[in-house]
$ cat structure23.txt   # compact mmCIF, C-alpha atoms
# COMPACT_ATOMS: atom_id res chain seq x y z
CA MET K 20 0.00 0.00 0.00
CA SER K 21 1.10 3.57 -0.72
CA TYR K 22 2.47 5.67 2.11
CA PHE K 23 -0.25 8.14 1.14
CA GLN K 24 -3.52 6.79 -0.23
CA ARG K 25 -3.62 9.76 -2.59
CA HIS K 26 -0.79 12.17 -3.25
CA VAL K 27 -1.72 15.39 -5.01
CA PHE K 28 0.76 17.71 -6.70
CA PHE K 29 -0.11 21.25 -7.67
CA CYS K 30 2.06 22.83 -10.31
CA CYS K 31 3.05 26.13 -8.68
CA ASN K 32 5.55 27.21 -11.26
CA GLN K 33 6.11 30.87 -12.06
CA ARG K 34 7.47 31.70 -15.50
CA GLU K 35 8.33 35.15 -16.73
CA ALA K 36 5.58 37.06 -18.55
CA PRO K 37 4.25 36.72 -21.20
CA GLU K 38 4.65 32.91 -20.94
CA ASN K 39 1.62 31.06 -19.62
CA CYS K 40 2.22 29.30 -16.30
CA CYS K 41 0.15 27.76 -13.56
CA ASN K 42 0.98 30.39 -11.02
CA GLU K 43 -0.48 33.10 -13.25
CA HIS K 44 -3.75 31.28 -12.46
CA ALA K 45 -3.30 31.58 -8.69
CA ALA K 46 -1.96 28.04 -8.29
CA ILE K 47 -0.44 28.72 -4.87
CA ASP K 48 -3.71 30.11 -3.55
CA HIS K 49 -5.55 27.02 -4.78
CA PHE K 50 -2.85 24.74 -3.33
CA ASN K 51 -3.26 26.43 0.06
CA TYR K 52 -7.03 26.18 -0.19
CA ALA K 53 -6.90 22.45 -1.04
CA LYS K 54 -4.56 21.84 1.89
CA GLU K 55 -6.97 23.60 4.28
CA ARG K 56 -9.99 21.70 2.95
CA VAL K 57 -8.28 18.30 3.20
CA LYS K 58 -7.20 19.07 6.75
CA ALA K 59 -10.67 20.29 7.70
CA LEU K 60 -12.20 17.05 6.39
CA GLY K 61 -9.76 14.93 8.43
CA LEU K 62 -8.23 13.52 5.26
CA ALA K 63 -4.64 14.68 5.78
CA GLY K 64 -1.79 12.41 6.81
CA LYS K 65 -0.09 9.04 6.41
CA GLY K 66 -2.36 6.45 4.84
CA LYS K 67 -4.66 9.25 3.72
CA VAL K 68 -4.11 12.32 1.55
CA ARG K 69 -1.12 14.61 1.03
CA ILE K 70 -1.39 17.89 -0.86
CA ASN K 71 1.96 19.02 -2.24
CA ARG K 72 3.35 21.90 -4.15
CA ALA K 73 5.55 21.04 -7.12
CA GLY K 74 7.76 22.73 -9.66
CA CYS K 75 6.75 22.85 -13.32
CA LEU K 76 4.82 19.69 -14.26
CA ASP K 77 5.48 20.45 -17.95
CA ARG K 78 1.84 20.75 -18.99
CA CYS K 79 1.83 24.54 -19.18
CA GLU K 80 -0.55 24.62 -22.16
CA SER K 81 -3.25 22.92 -20.04
CA GLY K 82 -2.57 24.95 -16.90
CA PRO K 83 -3.32 25.43 -14.17
CA VAL K 84 -2.89 21.71 -13.50
CA LEU K 85 -2.66 19.26 -10.65
CA VAL K 86 -2.16 15.50 -10.67
CA VAL K 87 -3.47 12.84 -8.29
CA TYR K 88 -1.28 9.77 -7.76
CA PRO K 89 -1.19 6.79 -7.74
CA GLU K 90 -4.20 7.05 -10.07
CA ALA K 91 -2.27 9.46 -12.35
CA VAL K 92 -5.40 11.55 -12.95
CA TRP K 93 -4.70 15.08 -14.14
CA TYR K 94 -7.03 18.01 -13.56
CA THR K 95 -7.32 21.63 -14.46
CA TYR K 96 -9.35 24.07 -12.39
CA VAL K 97 -10.67 27.62 -12.50
CA ASP K 98 -11.73 28.49 -8.99
CA ARG K 99 -12.27 27.21 -5.46
CA SER K 100 -15.49 25.44 -6.35
CA ASP K 101 -13.49 23.23 -8.73
CA ILE K 102 -11.05 22.42 -5.93
CA ASP K 103 -14.01 21.63 -3.65
CA GLU K 104 -15.33 19.19 -6.21
CA ILE K 105 -11.96 17.44 -6.64
CA VAL K 106 -11.52 17.19 -2.86
CA GLU K 107 -15.04 16.03 -2.09
CA ARG K 108 -15.47 13.64 -4.98
CA HIS K 109 -12.02 12.34 -5.88
CA LEU K 110 -10.02 12.63 -2.67
CA LEU K 111 -12.86 11.68 -0.34
CA LYS K 112 -14.83 9.19 -2.44
CA GLY K 113 -12.41 8.06 -5.14
CA GLU K 114 -14.59 9.27 -8.02
CA ILE K 115 -12.95 10.88 -11.04
CA VAL K 116 -14.29 14.36 -11.78
CA GLU K 117 -14.58 13.94 -15.53
CA ARG K 118 -15.49 17.54 -16.32
CA LEU K 119 -12.14 18.77 -14.94
CA ALA K 120 -9.95 15.88 -16.07
CA ILE K 121 -7.45 16.55 -18.85
CA MET Y 4 -2.02 5.16 -19.54
CA SER Y 5 -0.28 7.83 -17.46
CA TYR Y 6 0.78 11.05 -19.13
CA PHE Y 7 4.25 10.21 -17.81
CA GLN Y 8 5.26 6.56 -17.52
CA ARG Y 9 7.10 7.43 -14.32
CA HIS Y 10 6.86 10.69 -12.44
CA VAL Y 11 9.53 11.33 -9.84
CA PHE Y 12 9.28 13.92 -7.09
CA PHE Y 13 12.28 15.06 -5.09
CA CYS Y 14 11.55 16.65 -1.76
CA CYS Y 15 13.53 19.91 -1.97
CA ASN Y 16 12.23 21.47 1.19
CA GLN Y 17 14.38 23.78 3.27
CA ARG Y 18 13.53 24.06 6.97
CA GLU Y 19 15.25 26.29 9.45
CA ALA Y 20 18.19 24.80 11.35
CA PRO Y 21 18.43 22.71 13.47
CA GLU Y 22 15.45 20.83 11.99
CA ASN Y 23 16.34 18.00 9.63
CA CYS Y 24 15.18 18.55 6.04
CA CYS Y 25 15.89 17.09 2.65
CA ASN Y 26 17.63 20.14 1.34
CA GLU Y 27 20.23 19.90 4.12
CA HIS Y 28 21.23 16.73 2.23
CA ALA Y 29 21.75 18.55 -1.08
CA ALA Y 30 18.34 17.55 -2.46
CA ILE Y 31 18.36 20.25 -5.14
CA ASP Y 32 21.77 19.15 -6.41
CA HIS Y 33 20.56 15.55 -6.64
CA PHE Y 34 17.33 16.66 -8.32
CA ASN Y 35 19.36 18.54 -10.94
CA TYR Y 36 21.67 15.58 -11.41
CA ALA Y 37 18.74 13.16 -11.89
CA LYS Y 38 17.19 15.52 -14.45
CA GLU Y 39 20.45 15.63 -16.41
CA ARG Y 40 20.89 11.85 -16.33
CA VAL Y 41 17.32 11.17 -17.46
CA LYS Y 42 17.72 13.64 -20.30
CA ALA Y 43 21.07 12.17 -21.32
CA LEU Y 44 19.55 8.68 -21.46
CA GLY Y 45 16.69 9.89 -23.70
CA LEU Y 46 14.15 9.06 -21.01
CA ALA Y 47 12.67 12.54 -20.53
CA GLY Y 48 9.26 13.59 -21.82
CA LYS Y 49 5.62 12.70 -22.34
CA GLY Y 50 5.02 8.94 -22.13
CA LYS Y 51 8.42 8.58 -20.50
CA VAL Y 52 9.94 10.05 -17.34
CA ARG Y 53 9.51 13.41 -15.59
CA ILE Y 54 11.77 14.50 -12.76
CA ASN Y 55 10.13 17.13 -10.57
CA ARG Y 56 11.00 19.17 -7.58
CA ALA Y 57 8.42 19.22 -4.79
CA GLY Y 58 7.77 20.94 -1.51
CA CYS Y 59 7.94 19.02 1.76
CA LEU Y 60 6.81 15.41 1.23
CA ASP Y 61 6.32 15.07 4.99
CA ARG Y 62 8.81 12.25 5.51
CA CYS Y 63 11.54 14.43 7.00
CA GLU Y 64 12.72 11.71 9.40
CA SER Y 65 13.65 9.50 6.42
CA GLY Y 66 15.15 12.28 4.33
CA PRO Y 67 16.44 12.97 1.86
CA VAL Y 68 13.55 11.31 0.01
CA LEU Y 69 12.08 11.00 -3.43
CA VAL Y 70 9.00 9.12 -4.64
CA VAL Y 71 8.34 7.42 -7.98
CA TYR Y 72 4.71 7.34 -9.19
CA PRO Y 73 2.51 5.66 -10.22
CA GLU Y 74 4.34 2.82 -8.45
CA ALA Y 75 4.44 4.86 -5.20
CA VAL Y 76 7.95 3.64 -4.42
CA TRP Y 77 9.86 5.83 -1.97
CA TYR Y 78 13.63 6.08 -1.86
CA THR Y 79 16.32 7.72 0.17
CA TYR Y 80 19.78 8.42 -1.21
CA VAL Y 81 23.22 9.52 -0.09
CA ASP Y 82 25.10 10.48 -3.22
CA ARG Y 83 25.11 10.56 -7.00
CA SER Y 84 25.83 6.86 -7.29
CA ASP Y 85 22.52 6.18 -5.54
CA ILE Y 86 20.74 8.44 -8.03
CA ASP Y 87 22.51 6.62 -10.89
CA GLU Y 88 21.22 3.31 -9.57
CA ILE Y 89 17.62 4.57 -9.24
CA VAL Y 90 17.74 6.06 -12.76
CA GLU Y 91 19.39 3.07 -14.43
CA ARG Y 92 17.48 0.34 -12.65
CA HIS Y 93 14.08 1.75 -11.73
CA LEU Y 94 13.46 4.49 -14.28
CA LEU Y 95 15.03 2.69 -17.20
CA LYS Y 96 14.23 -0.96 -16.42
CA GLY Y 97 11.35 -0.81 -13.93
CA GLU Y 98 13.23 -2.68 -11.20
CA ILE Y 99 12.82 -1.57 -7.60
CA VAL Y 100 16.14 -0.74 -5.92
CA GLU Y 101 15.43 -2.49 -2.63
CA ARG Y 102 18.52 -1.28 -0.81
CA LEU Y 103 17.41 2.35 -1.13
CA ALA Y 104 13.65 1.83 -0.75
CA ILE Y 105 12.04 3.07 2.44

$ encode --input "structure23.txt" --output "structure tokens"
Amino acid sequence: MSYFQRHVFFCCNQREAPENCCNEHAAIDHFNYAKERVKALGLAGKGKVRINRAGCLDRCESGPVLVVYPEAVWYTYVDRSDIDEIVERHLLKGEIVERLAI
Amino acid sequence: MSYFQRHVFFCCNQREAPENCCNEHAAIDHFNYAKERVKALGLAGKGKVRINRAGCLDRCESGPVLVVYPEAVWYTYVDRSDIDEIVERHLLKGEIVERLAI
């Protein structure tokens, strides 16, 4: 079994303007929000969920992106309600949120 | 199939002394070295291998650490020869390097 049941990586890369990058889409804010939500739901920790920041995940054209392992499901998101849906459906129940999957 | 066949995350976190942290063990240097080696072997890119830096992976007591997904295999390392072994055995051939696994 994985050390974490689900390990989530947010691309938080910052490139120089005018290049597109995840952090131009408030990636760090959404990372922090996801971390708070997972903690509030009691999902954080060993054997459960870990929310991590990461350097460039090399999918800039689809950004902002995050990836959930070990399922290797990639998502994009626009706002906090998208993060809520990923947390409450995928991280809590194991359902893939098809409308945000890339 | 995964966007990347294997996605490797190096914990590159820096905590304040005297706390132990991966970056006190030259994590960023080893991350850069792994990235170079993977590129040199033609393993880098979509459908192949991605080497990423990450924030704290929350396994400080076992640090320095890296994790390979989707297999969810965790490793520690001491020097470049350990990174060579992980790259040449796990990333290239799919073998787990038991002596470095945690």

$ atom_distance --input "structure23.txt" --atom1 "atom CA of K:Lys67" --atom2 "atom CA of K:Ile115"
17.0 Å

$ closest_atom_pairs --input "structure23.txt" --of "chain K" --to "chain Y" --cutoff "9 Å" --atoms "only C-alpha atoms" --output "tab-separated table"
residue	atom	partner	partner_atom	distance
K:Met20	CA	Y:Ala75	CA	8.4
K:Ser21	CA	Y:Ala75	CA	5.7
K:Tyr22	CA	Y:Ala75	CA	7.6
K:Phe23	CA	Y:Ala75	CA	8.5
K:Phe28	CA	Y:Ala57	CA	8.0
K:Gly64	CA	Y:Asp61	CA	8.7
K:Lys65	CA	Y:Asp61	CA	8.9
K:Arg69	CA	Y:Leu60	CA	8.0
K:Ile70	CA	Y:Leu60	CA	8.8
K:Asn71	CA	Y:Gly58	CA	6.2
K:Arg72	CA	Y:Gly58	CA	5.2
K:Ala73	CA	Y:Ala57	CA	4.1
K:Gly74	CA	Y:Arg56	CA	5.2
K:Cys75	CA	Y:Asn55	CA	7.2
K:Leu76	CA	Y:Asn55	CA	7.0
K:Asp77	CA	Y:Arg53	CA	8.4
K:Tyr88	CA	Y:Pro73	CA	6.1
K:Pro89	CA	Y:Pro73	CA	4.6
K:Glu90	CA	Y:Pro73	CA	6.9
K:Ala91	CA	Y:Ser5	CA	5.7
K:Val92	CA	Y:Ser5	CA	7.8
K:Trp93	CA	Y:Tyr6	CA	8.4

$ residues_around --input "structure23.txt" --residues "K:His109" --least-positions-apart "2" --cutoff "12 Å" --atoms "only C-alpha atoms" --output "count of residues only"
30

$ residues_around --input "structure23.txt" --residues "K:Cys40" --least-positions-apart "4" --cutoff "10 Å" --atoms "all atoms listed in the file" --output "PDB file with C-alpha atoms, in the frame of the given file"
ATOM      1  CA  CYS K  30       2.060  22.830 -10.310  1.00  0.00           C
ATOM      2  CA  CYS K  31       3.050  26.130  -8.680  1.00  0.00           C
ATOM      3  CA  ASN K  32       5.550  27.210 -11.260  1.00  0.00           C
ATOM      4  CA  GLN K  33       6.110  30.870 -12.060  1.00  0.00           C
ATOM      5  CA  ARG K  34       7.470  31.700 -15.500  1.00  0.00           C
ATOM      6  CA  GLU K  35       8.330  35.150 -16.730  1.00  0.00           C
ATOM      7  CA  ALA K  36       5.580  37.060 -18.550  1.00  0.00           C
ATOM      8  CA  HIS K  44      -3.750  31.280 -12.460  1.00  0.00           C
ATOM      9  CA  ALA K  45      -3.300  31.580  -8.690  1.00  0.00           C
ATOM     10  CA  ALA K  46      -1.960  28.040  -8.290  1.00  0.00           C
ATOM     11  CA  CYS K  75       6.750  22.850 -13.320  1.00  0.00           C
ATOM     12  CA  ASP K  77       5.480  20.450 -17.950  1.00  0.00           C
ATOM     13  CA  ARG K  78       1.840  20.750 -18.990  1.00  0.00           C
ATOM     14  CA  CYS K  79       1.830  24.540 -19.180  1.00  0.00           C
ATOM     15  CA  GLU K  80      -0.550  24.620 -22.160  1.00  0.00           C
ATOM     16  CA  SER K  81      -3.250  22.920 -20.040  1.00  0.00           C
ATOM     17  CA  GLY K  82      -2.570  24.950 -16.900  1.00  0.00           C
ATOM     18  CA  PRO K  83      -3.320  25.430 -14.170  1.00  0.00           C
ATOM     19  CA  VAL K  84      -2.890  21.710 -13.500  1.00  0.00           C
TER      20      VAL K  84
END

$ atom_distance --input "structure23.txt" --atom1 "atom CA of K:Leu60" --atom2 "atom CA of Y:Leu69"
26.9 Å

$ calpha_fit_and_write --input "structure23.txt" --fixed "chain K" --moving "chain Y" --output "JSON list (two decimals) with C-alpha atoms, in the frame of the given file"
[["chain", "number", "residue", "atom", "x", "y", "z"],
["Y", 4, "MET", "CA", 0.01, -0.01, 0.00],
["Y", 5, "SER", "CA", 1.11, 3.56, -0.72],
["Y", 6, "TYR", "CA", 2.47, 5.66, 2.10],
["Y", 7, "PHE", "CA", -0.26, 8.14, 1.14],
["Y", 8, "GLN", "CA", -3.53, 6.80, -0.24],
["Y", 9, "ARG", "CA", -3.63, 9.76, -2.61],
["Y", 10, "HIS", "CA", -0.81, 12.18, -3.25],
["Y", 11, "VAL", "CA", -1.73, 15.39, -5.01],
["Y", 12, "PHE", "CA", 0.75, 17.71, -6.69],
["Y", 13, "PHE", "CA", -0.12, 21.25, -7.68],
["Y", 14, "CYS", "CA", 2.05, 22.83, -10.32],
["Y", 15, "CYS", "CA", 3.05, 26.13, -8.68],
["Y", 16, "ASN", "CA", 5.56, 27.21, -11.26],
["Y", 17, "GLN", "CA", 6.12, 30.87, -12.05],
["Y", 18, "ARG", "CA", 7.47, 31.70, -15.51],
["Y", 19, "GLU", "CA", 8.33, 35.13, -16.75],
["Y", 20, "ALA", "CA", 5.58, 37.04, -18.56],
["Y", 21, "PRO", "CA", 4.24, 36.70, -21.21],
["Y", 22, "GLU", "CA", 4.64, 32.91, -20.97],
["Y", 23, "ASN", "CA", 1.62, 31.05, -19.63],
["Y", 24, "CYS", "CA", 2.23, 29.29, -16.30],
["Y", 25, "CYS", "CA", 0.16, 27.76, -13.56],
["Y", 26, "ASN", "CA", 0.99, 30.39, -11.02],
["Y", 27, "GLU", "CA", -0.48, 33.09, -13.26],
["Y", 28, "HIS", "CA", -3.75, 31.28, -12.46],
["Y", 29, "ALA", "CA", -3.30, 31.59, -8.68],
["Y", 30, "ALA", "CA", -1.96, 28.04, -8.29],
["Y", 31, "ILE", "CA", -0.44, 28.73, -4.87],
["Y", 32, "ASP", "CA", -3.72, 30.11, -3.54],
["Y", 33, "HIS", "CA", -5.56, 27.01, -4.77],
["Y", 34, "PHE", "CA", -2.85, 24.75, -3.34],
["Y", 35, "ASN", "CA", -3.27, 26.43, 0.05],
["Y", 36, "TYR", "CA", -7.03, 26.18, -0.17],
["Y", 37, "ALA", "CA", -6.90, 22.45, -1.03],
["Y", 38, "LYS", "CA", -4.55, 21.84, 1.91],
["Y", 39, "GLU", "CA", -6.97, 23.59, 4.27],
["Y", 40, "ARG", "CA", -9.99, 21.69, 2.96],
["Y", 41, "VAL", "CA", -8.27, 18.30, 3.20],
["Y", 42, "LYS", "CA", -7.20, 19.08, 6.75],
["Y", 43, "ALA", "CA", -10.67, 20.28, 7.71],
["Y", 44, "LEU", "CA", -12.20, 17.05, 6.39],
["Y", 45, "GLY", "CA", -9.76, 14.92, 8.43],
["Y", 46, "LEU", "CA", -8.23, 13.52, 5.25],
["Y", 47, "ALA", "CA", -4.64, 14.68, 5.79],
["Y", 48, "GLY", "CA", -1.80, 12.39, 6.81],
["Y", 49, "LYS", "CA", -0.09, 9.04, 6.41],
["Y", 50, "GLY", "CA", -2.38, 6.44, 4.81],
["Y", 51, "LYS", "CA", -4.66, 9.26, 3.72],
["Y", 52, "VAL", "CA", -4.11, 12.33, 1.54],
["Y", 53, "ARG", "CA", -1.11, 14.62, 1.02],
["Y", 54, "ILE", "CA", -1.39, 17.89, -0.86],
["Y", 55, "ASN", "CA", 1.96, 19.03, -2.23],
["Y", 56, "ARG", "CA", 3.33, 21.91, -4.15],
["Y", 57, "ALA", "CA", 5.53, 21.04, -7.12],
["Y", 58, "GLY", "CA", 7.74, 22.73, -9.65],
["Y", 59, "CYS", "CA", 6.75, 22.84, -13.32],
["Y", 60, "LEU", "CA", 4.80, 19.69, -14.26],
["Y", 61, "ASP", "CA", 5.48, 20.44, -17.93],
["Y", 62, "ARG", "CA", 1.85, 20.74, -19.00],
["Y", 63, "CYS", "CA", 1.83, 24.54, -19.19],
["Y", 64, "GLU", "CA", -0.55, 24.61, -22.17],
["Y", 65, "SER", "CA", -3.25, 22.93, -20.03],
["Y", 66, "GLY", "CA", -2.57, 24.95, -16.90],
["Y", 67, "PRO", "CA", -3.32, 25.44, -14.17],
["Y", 68, "VAL", "CA", -2.88, 21.71, -13.49],
["Y", 69, "LEU", "CA", -2.66, 19.27, -10.65],
["Y", 70, "VAL", "CA", -2.15, 15.50, -10.67],
["Y", 71, "VAL", "CA", -3.47, 12.85, -8.28],
["Y", 72, "TYR", "CA", -1.28, 9.75, -7.76],
["Y", 73, "PRO", "CA", -1.19, 6.80, -7.73],
["Y", 74, "GLU", "CA", -4.19, 7.05, -10.07],
["Y", 75, "ALA", "CA", -2.27, 9.46, -12.35],
["Y", 76, "VAL", "CA", -5.38, 11.55, -12.94],
["Y", 77, "TRP", "CA", -4.69, 15.09, -14.14],
["Y", 78, "TYR", "CA", -7.02, 18.01, -13.57],
["Y", 79, "THR", "CA", -7.31, 21.64, -14.45],
["Y", 80, "TYR", "CA", -9.35, 24.09, -12.39],
["Y", 81, "VAL", "CA", -10.68, 27.62, -12.50],
["Y", 82, "ASP", "CA", -11.74, 28.47, -8.98],
["Y", 83, "ARG", "CA", -12.28, 27.22, -5.45],
["Y", 84, "SER", "CA", -15.49, 25.44, -6.36],
["Y", 85, "ASP", "CA", -13.49, 23.24, -8.73],
["Y", 86, "ILE", "CA", -11.05, 22.43, -5.92],
["Y", 87, "ASP", "CA", -14.01, 21.64, -3.63],
["Y", 88, "GLU", "CA", -15.34, 19.19, -6.21],
["Y", 89, "ILE", "CA", -11.96, 17.44, -6.64],
["Y", 90, "VAL", "CA", -11.51, 17.20, -2.85],
["Y", 91, "GLU", "CA", -15.05, 16.03, -2.08],
["Y", 92, "ARG", "CA", -15.47, 13.64, -4.98],
["Y", 93, "HIS", "CA", -12.02, 12.34, -5.87],
["Y", 94, "LEU", "CA", -10.02, 12.63, -2.66],
["Y", 95, "LEU", "CA", -12.84, 11.69, -0.34],
["Y", 96, "LYS", "CA", -14.83, 9.21, -2.45],
["Y", 97, "GLY", "CA", -12.39, 8.07, -5.16],
["Y", 98, "GLU", "CA", -14.58, 9.27, -8.03],
["Y", 99, "ILE", "CA", -12.93, 10.88, -11.04],
["Y", 100, "VAL", "CA", -14.29, 14.36, -11.78],
["Y", 101, "GLU", "CA", -14.56, 13.95, -15.55],
["Y", 102, "ARG", "CA", -15.47, 17.54, -16.32],
["Y", 103, "LEU", "CA", -12.14, 18.78, -14.94],
["Y", 104, "ALA", "CA", -9.94, 15.88, -16.06],
["Y", 105, "ILE", "CA", -7.46, 16.56, -18.84]]

$ atom_distance --input "structure23.txt" --atom1 "atom CA of K:Ser100" --atom2 "atom CA of K:Asn39"
22.4 Å

$ closest_residue --input "structure23.txt" --among "K:Arg118, K:Ala63, K:Pro37, K:Lys54" --to "K:Tyr96" --atoms "all atoms listed in the file"
K:Arg118

$ closest_residue --input "structure23.txt" --among "Y:Ala37, Y:Ala43, Y:Thr79, Y:Gly50" --to "Y:Cys25" --atoms "all atoms listed in the file"
Y:Thr79

$ decode --input "structure23.txt" --residues "stretch 36-105 of chain Y" --atoms "C-alpha atoms" --output "PDB file, in the first residue's frame"
ATOM      1  CA  TYR Y  36      21.668  15.583 -11.406  1.00  0.00           C
ATOM      2  CA  ALA Y  37      18.738  13.165 -11.889  1.00  0.00           C
ATOM      3  CA  LYS Y  38      17.188  15.518 -14.447  1.00  0.00           C
ATOM      4  CA  GLU Y  39      20.447  15.632 -16.407  1.00  0.00           C
ATOM      5  CA  ARG Y  40      20.887  11.854 -16.327  1.00  0.00           C
ATOM      6  CA  VAL Y  41      17.324  11.165 -17.459  1.00  0.00           C
ATOM      7  CA  LYS Y  42      17.720  13.640 -20.301  1.00  0.00           C
ATOM      8  CA  ALA Y  43      21.070  12.174 -21.319  1.00  0.00           C
ATOM      9  CA  LEU Y  44      19.548   8.683 -21.463  1.00  0.00           C
ATOM     10  CA  GLY Y  45      16.693   9.894 -23.701  1.00  0.00           C
ATOM     11  CA  LEU Y  46      14.146   9.063 -21.006  1.00  0.00           C
ATOM     12  CA  ALA Y  47      12.671  12.545 -20.527  1.00  0.00           C
ATOM     13  CA  GLY Y  48       9.265  13.594 -21.817  1.00  0.00           C
ATOM     14  CA  LYS Y  49       5.622  12.699 -22.344  1.00  0.00           C
ATOM     15  CA  GLY Y  50       5.017   8.943 -22.126  1.00  0.00           C
ATOM     16  CA  LYS Y  51       8.420   8.584 -20.503  1.00  0.00           C
ATOM     17  CA  VAL Y  52       9.937  10.053 -17.341  1.00  0.00           C
ATOM     18  CA  ARG Y  53       9.514  13.411 -15.595  1.00  0.00           C
ATOM     19  CA  ILE Y  54      11.773  14.503 -12.757  1.00  0.00           C
ATOM     20  CA  ASN Y  55      10.127  17.127 -10.566  1.00  0.00           C
ATOM     21  CA  ARG Y  56      10.997  19.168  -7.575  1.00  0.00           C
ATOM     22  CA  ALA Y  57       8.420  19.223  -4.793  1.00  0.00           C
ATOM     23  CA  GLY Y  58       7.767  20.940  -1.508  1.00  0.00           C
ATOM     24  CA  CYS Y  59       7.945  19.020   1.757  1.00  0.00           C
ATOM     25  CA  LEU Y  60       6.807  15.412   1.234  1.00  0.00           C
ATOM     26  CA  ASP Y  61       6.315  15.070   4.991  1.00  0.00           C
ATOM     27  CA  ARG Y  62       8.810  12.254   5.508  1.00  0.00           C
ATOM     28  CA  CYS Y  63      11.543  14.429   7.004  1.00  0.00           C
ATOM     29  CA  GLU Y  64      12.723  11.710   9.401  1.00  0.00           C
ATOM     30  CA  SER Y  65      13.649   9.496   6.425  1.00  0.00           C
ATOM     31  CA  GLY Y  66      15.154  12.279   4.333  1.00  0.00           C
ATOM     32  CA  PRO Y  67      16.438  12.968   1.863  1.00  0.00           C
ATOM     33  CA  VAL Y  68      13.554  11.306   0.006  1.00  0.00           C
ATOM     34  CA  LEU Y  69      12.077  10.998  -3.434  1.00  0.00           C
ATOM     35  CA  VAL Y  70       9.003   9.122  -4.639  1.00  0.00           C
ATOM     36  CA  VAL Y  71       8.336   7.419  -7.975  1.00  0.00           C
ATOM     37  CA  TYR Y  72       4.713   7.345  -9.186  1.00  0.00           C
ATOM     38  CA  PRO Y  73       2.508   5.659 -10.222  1.00  0.00           C
ATOM     39  CA  GLU Y  74       4.336   2.823  -8.449  1.00  0.00           C
ATOM     40  CA  ALA Y  75       4.441   4.856  -5.199  1.00  0.00           C
ATOM     41  CA  VAL Y  76       7.948   3.638  -4.420  1.00  0.00           C
ATOM     42  CA  TRP Y  77       9.861   5.829  -1.965  1.00  0.00           C
ATOM     43  CA  TYR Y  78      13.630   6.082  -1.864  1.00  0.00           C
ATOM     44  CA  THR Y  79      16.316   7.717   0.171  1.00  0.00           C
ATOM     45  CA  TYR Y  80      19.778   8.420  -1.212  1.00  0.00           C
ATOM     46  CA  VAL Y  81      23.220   9.523  -0.092  1.00  0.00           C
ATOM     47  CA  ASP Y  82      25.105  10.484  -3.215  1.00  0.00           C
ATOM     48  CA  ARG Y  83      25.112  10.557  -7.000  1.00  0.00           C
ATOM     49  CA  SER Y  84      25.832   6.859  -7.292  1.00  0.00           C
ATOM     50  CA  ASP Y  85      22.516   6.177  -5.544  1.00  0.00           C
ATOM     51  CA  ILE Y  86      20.744   8.437  -8.026  1.00  0.00           C
ATOM     52  CA  ASP Y  87      22.506   6.618 -10.890  1.00  0.00           C
ATOM     53  CA  GLU Y  88      21.218   3.311  -9.570  1.00  0.00           C
ATOM     54  CA  ILE Y  89      17.623   4.570  -9.245  1.00  0.00           C
ATOM     55  CA  VAL Y  90      17.742   6.057 -12.755  1.00  0.00           C
ATOM     56  CA  GLU Y  91      19.391   3.070 -14.426  1.00  0.00           C
ATOM     57  CA  ARG Y  92      17.482   0.336 -12.646  1.00  0.00           C
ATOM     58  CA  HIS Y  93      14.085   1.751 -11.726  1.00  0.00           C
ATOM     59  CA  LEU Y  94      13.462   4.494 -14.277  1.00  0.00           C
ATOM     60  CA  LEU Y  95      15.030   2.686 -17.205  1.00  0.00           C
ATOM     61  CA  LYS Y  96      14.227  -0.964 -16.422  1.00  0.00           C
ATOM     62  CA  GLY Y  97      11.352  -0.811 -13.934  1.00  0.00           C
ATOM     63  CA  GLU Y  98      13.229  -2.675 -11.201  1.00  0.00           C
ATOM     64  CA  ILE Y  99      12.820  -1.565  -7.601  1.00  0.00           C
ATOM     65  CA  VAL Y 100      16.137  -0.736  -5.915  1.00  0.00           C
ATOM     66  CA  GLU Y 101      15.433  -2.491  -2.631  1.00  0.00           C
ATOM     67  CA  ARG Y 102      18.519  -1.285  -0.810  1.00  0.00           C
ATOM     68  CA  LEU Y 103      17.410   2.349  -1.126  1.00  0.00           C
ATOM     69  CA  ALA Y 104      13.648   1.831  -0.747  1.00  0.00           C
ATOM     70  CA  ILE Y 105      12.035   3.070   2.438  1.00  0.00           C
TER      71      ILE Y 105
END
